[in-house]
file protein-v3.cif (mmCIF, C-alpha atoms)
data_final
#
loop_
_atom_site.label_atom_id
_atom_site.label_comp_id
_atom_site.auth_asym_id
_atom_site.auth_seq_id
_atom_site.Cartn_x
_atom_site.Cartn_y
_atom_site.Cartn_z
CA MET A 217 -14.27 -15.71 0.72
CA THR A 218 -14.35 -17.96 -2.34
CA ALA A 219 -11.23 -16.29 -3.73
CA LEU A 220 -9.45 -16.75 -0.41
CA ARG A 221 -10.30 -20.45 -0.42
CA ARG A 222 -8.94 -20.87 -3.92
CA TYR A 223 -5.72 -19.04 -3.13
CA PRO A 224 -4.44 -20.12 0.29
CA VAL A 225 -1.32 -17.95 -0.03
CA LEU A 226 -3.52 -14.89 -0.55
CA ALA A 227 -5.61 -15.90 2.45
CA ALA A 228 -2.50 -16.19 4.60
CA LEU A 229 -1.33 -12.75 3.48
CA VAL A 230 -4.72 -11.20 4.25
CA ILE A 231 -4.86 -12.81 7.69
CA GLY A 232 -1.29 -11.70 8.41
CA ALA A 233 -2.11 -8.14 7.34
CA LEU A 234 -5.14 -8.10 9.64
CA PHE A 235 -3.06 -9.27 12.60
CA MET A 236 -0.55 -6.51 11.89
CA VAL A 237 -3.08 -3.73 11.38
CA LEU A 238 -5.46 -4.67 14.19
CA PRO A 239 -3.15 -3.76 17.13
CA PHE A 240 -2.33 -0.40 15.57
CA ALA A 241 -6.05 0.26 14.97
CA VAL A 242 -6.89 -0.56 18.60
CA VAL A 243 -4.11 1.76 19.85
CA ALA A 244 -5.28 4.59 17.58
CA LEU A 245 -8.88 4.03 18.67
CA ASN A 246 -8.07 4.21 22.37
CA ALA A 247 -5.77 7.20 21.91
CA VAL A 248 -8.75 9.41 21.01
CA LYS A 249 -11.04 8.16 23.80
CA SER A 250 -11.72 9.86 27.08
CA PRO A 251 -10.90 7.94 30.28
CA ALA A 252 -14.61 7.75 31.06
CA GLU A 253 -15.39 6.14 27.69
CA TYR A 254 -12.56 3.68 28.14
CA SER A 255 -13.83 2.68 31.58
CA ALA A 256 -17.43 2.39 30.40
CA HIS A 257 -17.00 0.54 27.08
CA GLY A 258 -13.56 -1.08 27.31
CA PRO A 259 -10.72 -1.01 24.76
CA LEU A 260 -12.86 -2.21 21.84
CA GLY A 261 -15.69 0.28 22.22
CA LEU A 262 -16.04 3.04 19.64
CA PRO A 263 -15.48 6.61 20.85
CA HIS A 264 -18.34 9.13 20.62
CA GLY A 265 -15.94 11.87 19.56
CA LEU A 266 -12.29 12.82 19.27
CA TYR A 267 -10.75 13.27 22.71
CA LEU A 268 -7.31 14.80 22.10
CA ASP A 269 -6.46 15.79 25.66
CA GLY A 270 -4.48 12.58 26.13
CA LEU A 271 -2.27 13.36 23.12
CA GLU A 272 -1.78 16.97 24.24
CA ASP A 273 -1.03 16.02 27.85
CA PHE A 274 1.55 13.44 26.83
CA TRP A 275 3.16 15.83 24.32
CA GLN A 276 3.61 18.49 26.99
CA ARG A 277 4.58 16.13 29.80
CA VAL A 278 7.58 14.61 28.00
CA ASP A 279 8.38 17.59 25.75
CA PHE A 280 7.70 15.28 22.81
CA GLY A 281 8.84 17.82 20.21
CA ARG A 282 12.40 17.75 21.56
CA LYS A 283 12.38 13.95 21.91
CA LEU A 284 11.15 13.66 18.33
CA LEU A 285 13.92 15.93 17.10
CA ASN A 286 16.53 13.89 18.98
CA SER A 287 15.26 10.62 17.52
CA VAL A 288 15.16 11.98 13.98
CA LEU A 289 18.65 13.46 14.32
CA ILE A 290 20.16 10.28 15.79
CA ALA A 291 18.39 7.81 13.49
CA GLY A 292 18.96 9.91 10.37
CA SER A 293 22.63 10.48 11.12
CA VAL A 294 23.21 6.80 11.87
CA ALA A 295 21.42 5.71 8.68
CA VAL A 296 23.49 8.00 6.44
CA LEU A 297 26.86 7.42 8.13
CA ALA A 298 26.38 3.65 8.39
CA ALA A 299 25.35 3.42 4.73
CA VAL A 300 28.41 5.39 3.59
CA LEU A 301 30.82 3.36 5.73
CA SER A 302 29.18 0.12 4.62
CA VAL A 303 29.70 1.06 0.97
CA LEU A 304 33.36 1.92 1.55
CA ASN A 305 34.04 -1.26 3.54
CA ALA A 306 32.16 -3.49 1.11
CA TYR A 307 33.95 -1.94 -1.85
CA ALA A 308 37.31 -2.81 -0.32
CA ILE A 309 36.21 -6.32 0.67
CA GLY A 310 33.93 -7.31 -2.20
CA ILE A 311 35.67 -5.67 -5.17
CA GLY A 312 39.10 -4.75 -3.83
CA ARG A 313 39.56 -8.31 -2.56
CA ILE A 314 41.71 -7.38 0.42
CA LYS A 315 43.86 -10.03 2.05
CA GLY A 316 42.15 -12.05 4.76
CA ARG A 317 38.70 -11.32 3.33
CA ALA A 318 37.11 -14.34 4.98
CA TRP A 319 38.45 -13.36 8.42
CA VAL A 320 37.29 -9.79 8.01
CA LEU A 321 33.77 -10.95 7.13
CA ALA A 322 33.82 -13.35 10.07
CA PHE A 323 34.67 -10.41 12.32
CA PHE A 324 31.64 -8.45 11.05
CA VAL A 325 29.41 -11.49 11.53
CA LEU A 326 30.66 -11.81 15.11
CA ALA A 327 29.93 -8.12 15.69
CA ASN A 328 26.33 -8.72 14.62
CA THR A 329 25.87 -11.58 17.07
CA LEU A 330 27.01 -9.70 20.18
CA PRO A 331 24.08 -8.84 22.46
CA GLN A 332 23.76 -5.21 23.45
CA GLU A 333 23.69 -6.18 27.12
CA ALA A 334 27.35 -7.21 26.77
CA LEU A 335 28.24 -3.81 25.34
CA VAL A 336 26.56 -1.63 27.96
CA TYR A 337 29.37 -1.39 30.52
CA PRO A 338 32.30 -1.06 28.06
CA LEU A 339 30.48 1.65 26.10
CA TYR A 340 29.46 3.42 29.31
CA TYR A 341 33.06 3.41 30.55
CA LEU A 342 34.55 4.51 27.22
CA SER A 343 32.04 7.33 26.79
CA LYS A 344 32.83 8.55 30.31
CA GLN A 345 36.56 8.52 29.60
CA ALA A 346 36.09 10.30 26.26
CA GLY A 347 33.79 12.95 27.73
CA LEU A 348 30.91 11.93 25.44
CA TYR A 349 28.56 10.49 28.05
CA ASP A 350 25.01 11.85 27.89
CA THR A 351 25.52 13.30 24.41
CA ARG A 352 23.73 12.44 21.21
CA LEU A 353 27.09 12.07 19.48
CA SER A 354 27.97 9.07 21.63
CA VAL A 355 24.80 7.22 20.61
CA ILE A 356 25.34 8.15 16.95
CA ILE A 357 28.88 6.73 17.03
CA VAL A 358 27.83 3.51 18.75
CA PHE A 359 24.92 2.72 16.47
CA THR A 360 26.85 3.76 13.36
CA VAL A 361 29.42 1.08 14.19
CA ILE A 362 26.74 -1.51 14.98
CA GLN A 363 24.74 -0.88 11.81
CA THR A 364 27.89 -0.66 9.68
CA ALA A 365 28.83 -4.20 10.71
CA PHE A 366 25.59 -5.56 9.25
CA GLY A 367 25.69 -3.29 6.20
CA THR A 368 29.27 -4.27 5.39
CA TYR A 369 28.47 -7.96 5.59
CA LEU A 370 25.42 -7.61 3.33
CA LEU A 371 26.99 -5.30 0.75
CA SER A 372 30.18 -7.38 0.60
CA ALA A 373 28.13 -10.35 -0.55
CA VAL A 374 26.41 -8.17 -3.16
CA LEU A 375 29.56 -6.49 -4.47
CA GLY A 376 31.43 -9.78 -4.47
CA ARG A 377 29.24 -10.78 -7.44
CA PHE A 378 29.58 -7.42 -9.17
CA PRO A 379 30.42 -7.89 -12.90
CA ARG A 380 34.17 -7.57 -13.21
CA GLU A 381 33.86 -6.70 -16.91
CA ILE A 382 32.24 -3.37 -16.09
CA ILE A 383 35.00 -2.44 -13.67
CA GLU A 384 37.74 -3.49 -16.07
CA ALA A 385 36.14 -1.47 -18.87
CA ALA A 386 35.98 1.61 -16.61
CA ARG A 387 39.63 1.23 -15.67
CA ILE A 388 40.64 0.90 -19.31
CA ASP A 389 38.83 4.20 -19.93
CA GLY A 390 41.02 5.81 -17.27
CA ALA A 391 38.70 5.73 -14.24
CA GLY A 392 40.41 5.58 -10.86
CA ARG A 393 39.23 3.66 -7.80
CA TRP A 394 37.11 6.52 -6.46
CA GLN A 395 35.53 7.13 -9.86
CA VAL A 396 34.69 3.43 -10.19
CA LEU A 397 33.10 3.52 -6.75
CA TRP A 398 30.99 6.67 -7.03
CA ARG A 399 30.13 6.57 -10.76
CA ILE A 400 29.62 2.85 -11.30
CA VAL A 401 29.33 0.77 -8.15
CA VAL A 402 27.14 3.14 -6.11
CA PRO A 403 24.58 3.86 -8.91
CA VAL A 404 24.23 0.15 -9.70
CA SER A 405 23.90 -0.74 -6.00
CA ARG A 406 21.55 2.16 -5.19
CA PRO A 407 18.46 -0.05 -4.54
CA THR A 408 20.34 -2.16 -2.00
CA ILE A 409 21.79 0.93 -0.35
CA GLY A 410 18.29 2.42 -0.17
CA VAL A 411 17.03 -0.68 1.63
CA LEU A 412 19.86 -0.38 4.13
CA LEU A 413 19.04 3.28 4.76
CA VAL A 414 15.41 2.42 5.56
CA PHE A 415 16.34 -0.47 7.84
CA PHE A 416 19.09 1.49 9.62
CA PHE A 417 16.70 4.37 10.36
CA ILE A 418 13.92 2.16 11.71
CA TRP A 419 16.25 -0.09 13.73
CA THR A 420 17.95 2.91 15.34
CA TRP A 421 14.61 4.60 16.00
CA ASN A 422 13.37 1.57 17.96
CA GLU A 423 16.51 1.10 20.06
CA PHE A 424 15.91 1.41 23.79
CA LEU A 425 18.60 -0.14 26.01
CA LEU A 426 21.72 1.75 24.92
CA PRO A 427 19.97 5.15 24.64
CA LEU A 428 18.50 4.54 28.09
CA VAL A 429 21.98 4.02 29.54
CA MET A 430 23.84 6.64 27.48
CA LEU A 431 21.26 9.47 27.54
CA ILE A 432 20.15 10.38 31.05
CA SER A 433 19.13 14.03 30.63
CA ASN A 434 15.69 14.96 29.34
CA ASP A 435 17.13 17.24 26.67
CA ASN A 436 18.97 14.35 24.97
CA GLN A 437 16.54 11.45 25.35
CA THR A 438 14.85 9.79 22.39
CA VAL A 439 11.19 8.92 21.88
CA SER A 440 11.60 5.27 22.89
CA VAL A 441 13.39 6.22 26.11
CA ALA A 442 10.78 8.83 26.98
CA LEU A 443 8.00 6.26 26.51
CA GLY A 444 9.72 3.68 28.69
CA VAL A 445 10.65 6.09 31.47
CA LEU A 446 7.21 7.68 31.65
CA GLN A 447 5.40 4.34 31.67
CA GLY A 448 7.73 3.13 34.39
CA GLN A 449 6.65 6.05 36.56
CA ARG A 450 3.00 4.89 36.31
CA LEU A 451 1.69 8.40 35.89
CA MET A 452 -0.55 7.72 32.87
CA ASP A 453 -4.07 6.40 32.45
CA ALA A 454 -5.01 3.93 29.73
CA THR A 455 -5.92 6.53 27.12
CA MET A 456 -2.69 8.48 27.62
CA THR A 457 -0.71 5.24 27.39
CA ASN A 458 -2.29 4.55 24.01
CA ALA A 459 -1.68 8.14 22.96
CA ALA A 460 1.99 7.75 23.88
CA ALA A 461 2.25 4.50 21.91
CA LEU A 462 0.59 6.13 18.88
CA LEU A 463 2.92 9.13 18.91
CA GLY A 464 5.91 6.84 19.38
CA VAL A 465 5.21 4.57 16.42
CA LEU A 466 3.65 7.10 14.02
CA PRO A 467 6.88 8.85 12.85
CA ALA A 468 8.58 5.54 12.04
CA LEU A 469 5.45 4.36 10.23
CA VAL A 470 5.32 7.57 8.17
CA PHE A 471 8.99 7.19 7.29
CA PHE A 472 8.42 3.58 6.23
CA LEU A 473 5.45 4.53 4.03
CA LEU A 474 7.38 7.39 2.41
CA PHE A 475 10.24 5.07 1.48
CA GLN A 476 8.15 1.99 0.77
CA ARG A 477 8.85 2.26 -2.96
CA THR A 478 12.58 2.34 -2.28
CA LEU A 479 12.30 -0.76 -0.10
CA THR A 480 10.17 -2.62 -2.66
CA ARG A 481 12.49 -1.68 -5.51
CA GLY A 482 15.56 -2.84 -3.61
CA ILE A 483 14.00 -6.20 -2.72
CA ALA A 484 12.77 -6.71 -6.30
CA VAL A 485 16.21 -5.93 -7.75
CA GLY A 486 17.81 -8.34 -5.30
CA ALA A 487 15.36 -11.05 -6.31
CA VAL A 488 16.07 -10.51 -10.00
CA LYS A 489 19.82 -10.68 -9.43
#
call {"tool": "encode", "arguments": {"input": "protein-v3.cif", "output": "structure tokens"}}
result
Amino acid sequence: MTALRRYPVLAALVIGALFMVLPFAVVALNAVKSPAEYSAHGPLGLPHGLYLDGLEDFWQRVDFGRKLLNSVLIAGSVAVLAAVLSVLNAYAIGIGRIKGRAWVLAFFVLANTLPQEALVYPLYYLSKQAGLYDTRLSVIIVFTVIQTAFGTYLLSAVLGRFPREIIEAARIDGAGRWQVLWRIVVPVSRPTIGVLLVFFFIWTWNEFLLPLVMLISNDNQTVSVALGVLQGQRLMDATMTNAAALLGVLPALVFFLLFQRTLTRGIAVGAVK
């Protein structure tokens, strides 16, 4: 406590960490309780043992394995495709210095400010006309475009300050545009691209509205849609609700922890630059 008083910034970080961890701890605690224990001791009572029936019942009820596969496939595909397209767009805008650069960047900024509610009907109509409605490909295309708009704007600012001397030296040595991109620009910008990959995956994983509209069959739904639909049916008790929330957030949390070093390295490199 003395150290926390001496260092108020440290105290604020500790308090913030507690507020972030506490809800997850309460959810995990209630996910392994029996309904009787929850009714008797409330949400903050400690369980007497591990009650896994709630996790098993929820897994079987929503076919969670298939929903998990759909979410991983959609979020992973969007993260990779959006990162690649962002690099290509930013290379043309930031280093290639295309004409009308300011207007192009303004267009990407505008794309980031559009609410998804305004996109629901146009995307629904277009996917129907293209024969892609209720397919995972439709959601992958939509979110790839959305995430690419943000990635292009961010990477364009980064590549706009890329040392021109390095590029000129590579061109003098006979490197073409593609060689400059893949052998120089991409390796130097790898930390920033890694940060975008992590953010794109987590953002796409947590999306709910557009997948809810675009994916209506159980075989194509994602984890977030399955959680929302099942809770809306009011067919779960409190312990199963917590089990559903735990299973829904755990994969994204594991992904974040696995790539935490990539995220930290990218932020640190950006701070040094």
call {"tool": "atom_distance", "arguments": {"input": "protein-v3.cif", "atom1": "CA of Phe415 in chain A", "atom2": "CA of Thr364 in chain A"}}
result
11.7 Å
call {"tool": "resolve_selection", "arguments": {"input": "protein-v3.cif", "expression": "the PyMOL selection byres ((chain A and resi 456) around 10)", "output": "list in words"}}
result
Asn246, Ala247, Val248, Lys249, Ser250, Pro251, Leu268, Asp269, Gly270, Leu271, Glu272, Asp273, Phe274, Trp275, Gln447, Leu451, Met452, Asp453, Ala454, Thr455, Thr457, Asn458, Ala459, Ala460, Ala461 and Leu462 of chain A
call {"tool": "closest_atom_pairs", "arguments": {"input": "protein-v3.cif", "of": "range 303-331 of chain A", "to": "range 384-406 of chain A", "cutoff": "10 Å", "atoms": "all atoms listed in the file", "output": "Markdown table"}}
result
| residue | atom | partner | partner_atom | distance |
| --- | --- | --- | --- | --- |
| A:Val303 | CA | A:Val402 | CA | 7.8 |
| A:Leu304 | CA | A:Leu397 | CA | 8.5 |
| A:Tyr307 | CA | A:Leu397 | CA | 7.4 |
| A:Ala308 | CA | A:Leu397 | CA | 10.0 |
| A:Ile311 | CA | A:Val401 | CA | 9.5 |
| A:Gly312 | CA | A:Arg393 | CA | 9.3 |
call {"tool": "atom_distance", "arguments": {"input": "protein-v3.cif", "atom1": "CA of Leu473 in chain A", "atom2": "CA of Asn286 in chain A"}}
result
20.8 Å
call {"tool": "resolve_selection", "arguments": {"input": "protein-v3.cif", "expression": "the PyMOL selection byres ((chain A and resi 349) around 12)", "output": "short mmCIF file (atom, residue, chain, number, x, y, z; two decimals) with C-alpha atoms, in the coordinates of the input"}}
result
data_model
loop_
_atom_site.label_atom_id
_atom_site.label_comp_id
_atom_site.auth_asym_id
_atom_site.auth_seq_id
_atom_site.Cartn_x
_atom_site.Cartn_y
_atom_site.Cartn_z
CA LEU A 339 30.48 1.65 26.10
CA TYR A 340 29.46 3.42 29.31
CA TYR A 341 33.06 3.41 30.55
CA LEU A 342 34.55 4.51 27.22
CA SER A 343 32.04 7.33 26.79
CA LYS A 344 32.83 8.55 30.31
CA GLN A 345 36.56 8.52 29.60
CA ALA A 346 36.09 10.30 26.26
CA GLY A 347 33.79 12.95 27.73
CA LEU A 348 30.91 11.93 25.44
CA ASP A 350 25.01 11.85 27.89
CA THR A 351 25.52 13.30 24.41
CA ARG A 352 23.73 12.44 21.21
CA LEU A 353 27.09 12.07 19.48
CA SER A 354 27.97 9.07 21.63
CA VAL A 355 24.80 7.22 20.61
CA ILE A 356 25.34 8.15 16.95
CA ILE A 357 28.88 6.73 17.03
CA VAL A 358 27.83 3.51 18.75
CA LEU A 426 21.72 1.75 24.92
CA PRO A 427 19.97 5.15 24.64
CA LEU A 428 18.50 4.54 28.09
CA VAL A 429 21.98 4.02 29.54
CA MET A 430 23.84 6.64 27.48
CA LEU A 431 21.26 9.47 27.54
CA ILE A 432 20.15 10.38 31.05
CA SER A 433 19.13 14.03 30.63
CA ASN A 436 18.97 14.35 24.97
#
call {"tool": "closest_residue", "arguments": {"input": "protein-v3.cif", "among": "A:Trp421, A:Glu333, A:Gln363, A:Arg282", "to": "Leu469 in chain A", "atoms": "only C-alpha atoms"}}
result
A:Trp421
call {"tool": "atom_distance", "arguments": {"input": "protein-v3.cif", "atom1": "CA of Pro331 in chain A", "atom2": "CA of Asp435 in chain A"}}
result
27.3 Å
call {"tool": "resolve_selection", "arguments": {"input": "protein-v3.cif", "expression": "the PyMOL selection byres ((chain A and resi 288-291) around 9)", "output": "ChimeraX atom specification"}}
result
/A:283-287,292-296,352-353,355-356,359,416-421,438,467
call {"tool": "residues_around", "arguments": {"input": "protein-v3.cif", "residues": "Ala299 in chain A", "least_positions_apart": "6", "cutoff": "7 Å", "atoms": "all atoms listed in the file", "output": "list in words"}}
result
Thr364, Gly367, Ile409, Leu412 and Leu413 of chain A
call {"tool": "closest_residue", "arguments": {"input": "protein-v3.cif", "among": "A:Val465, A:Gly376, A:Phe472, A:Ala442", "to": "Phe280 in chain A", "atoms": "all atoms listed in the file"}}
result
A:Ala442
call {"tool": "closest_residue", "arguments": {"input": "protein-v3.cif", "among": "A:Ala334, A:Ala373, A:Val278, A:Leu425", "to": "Thr408 in chain A", "atoms": "all atoms listed in the file"}}
result
A:Ala373
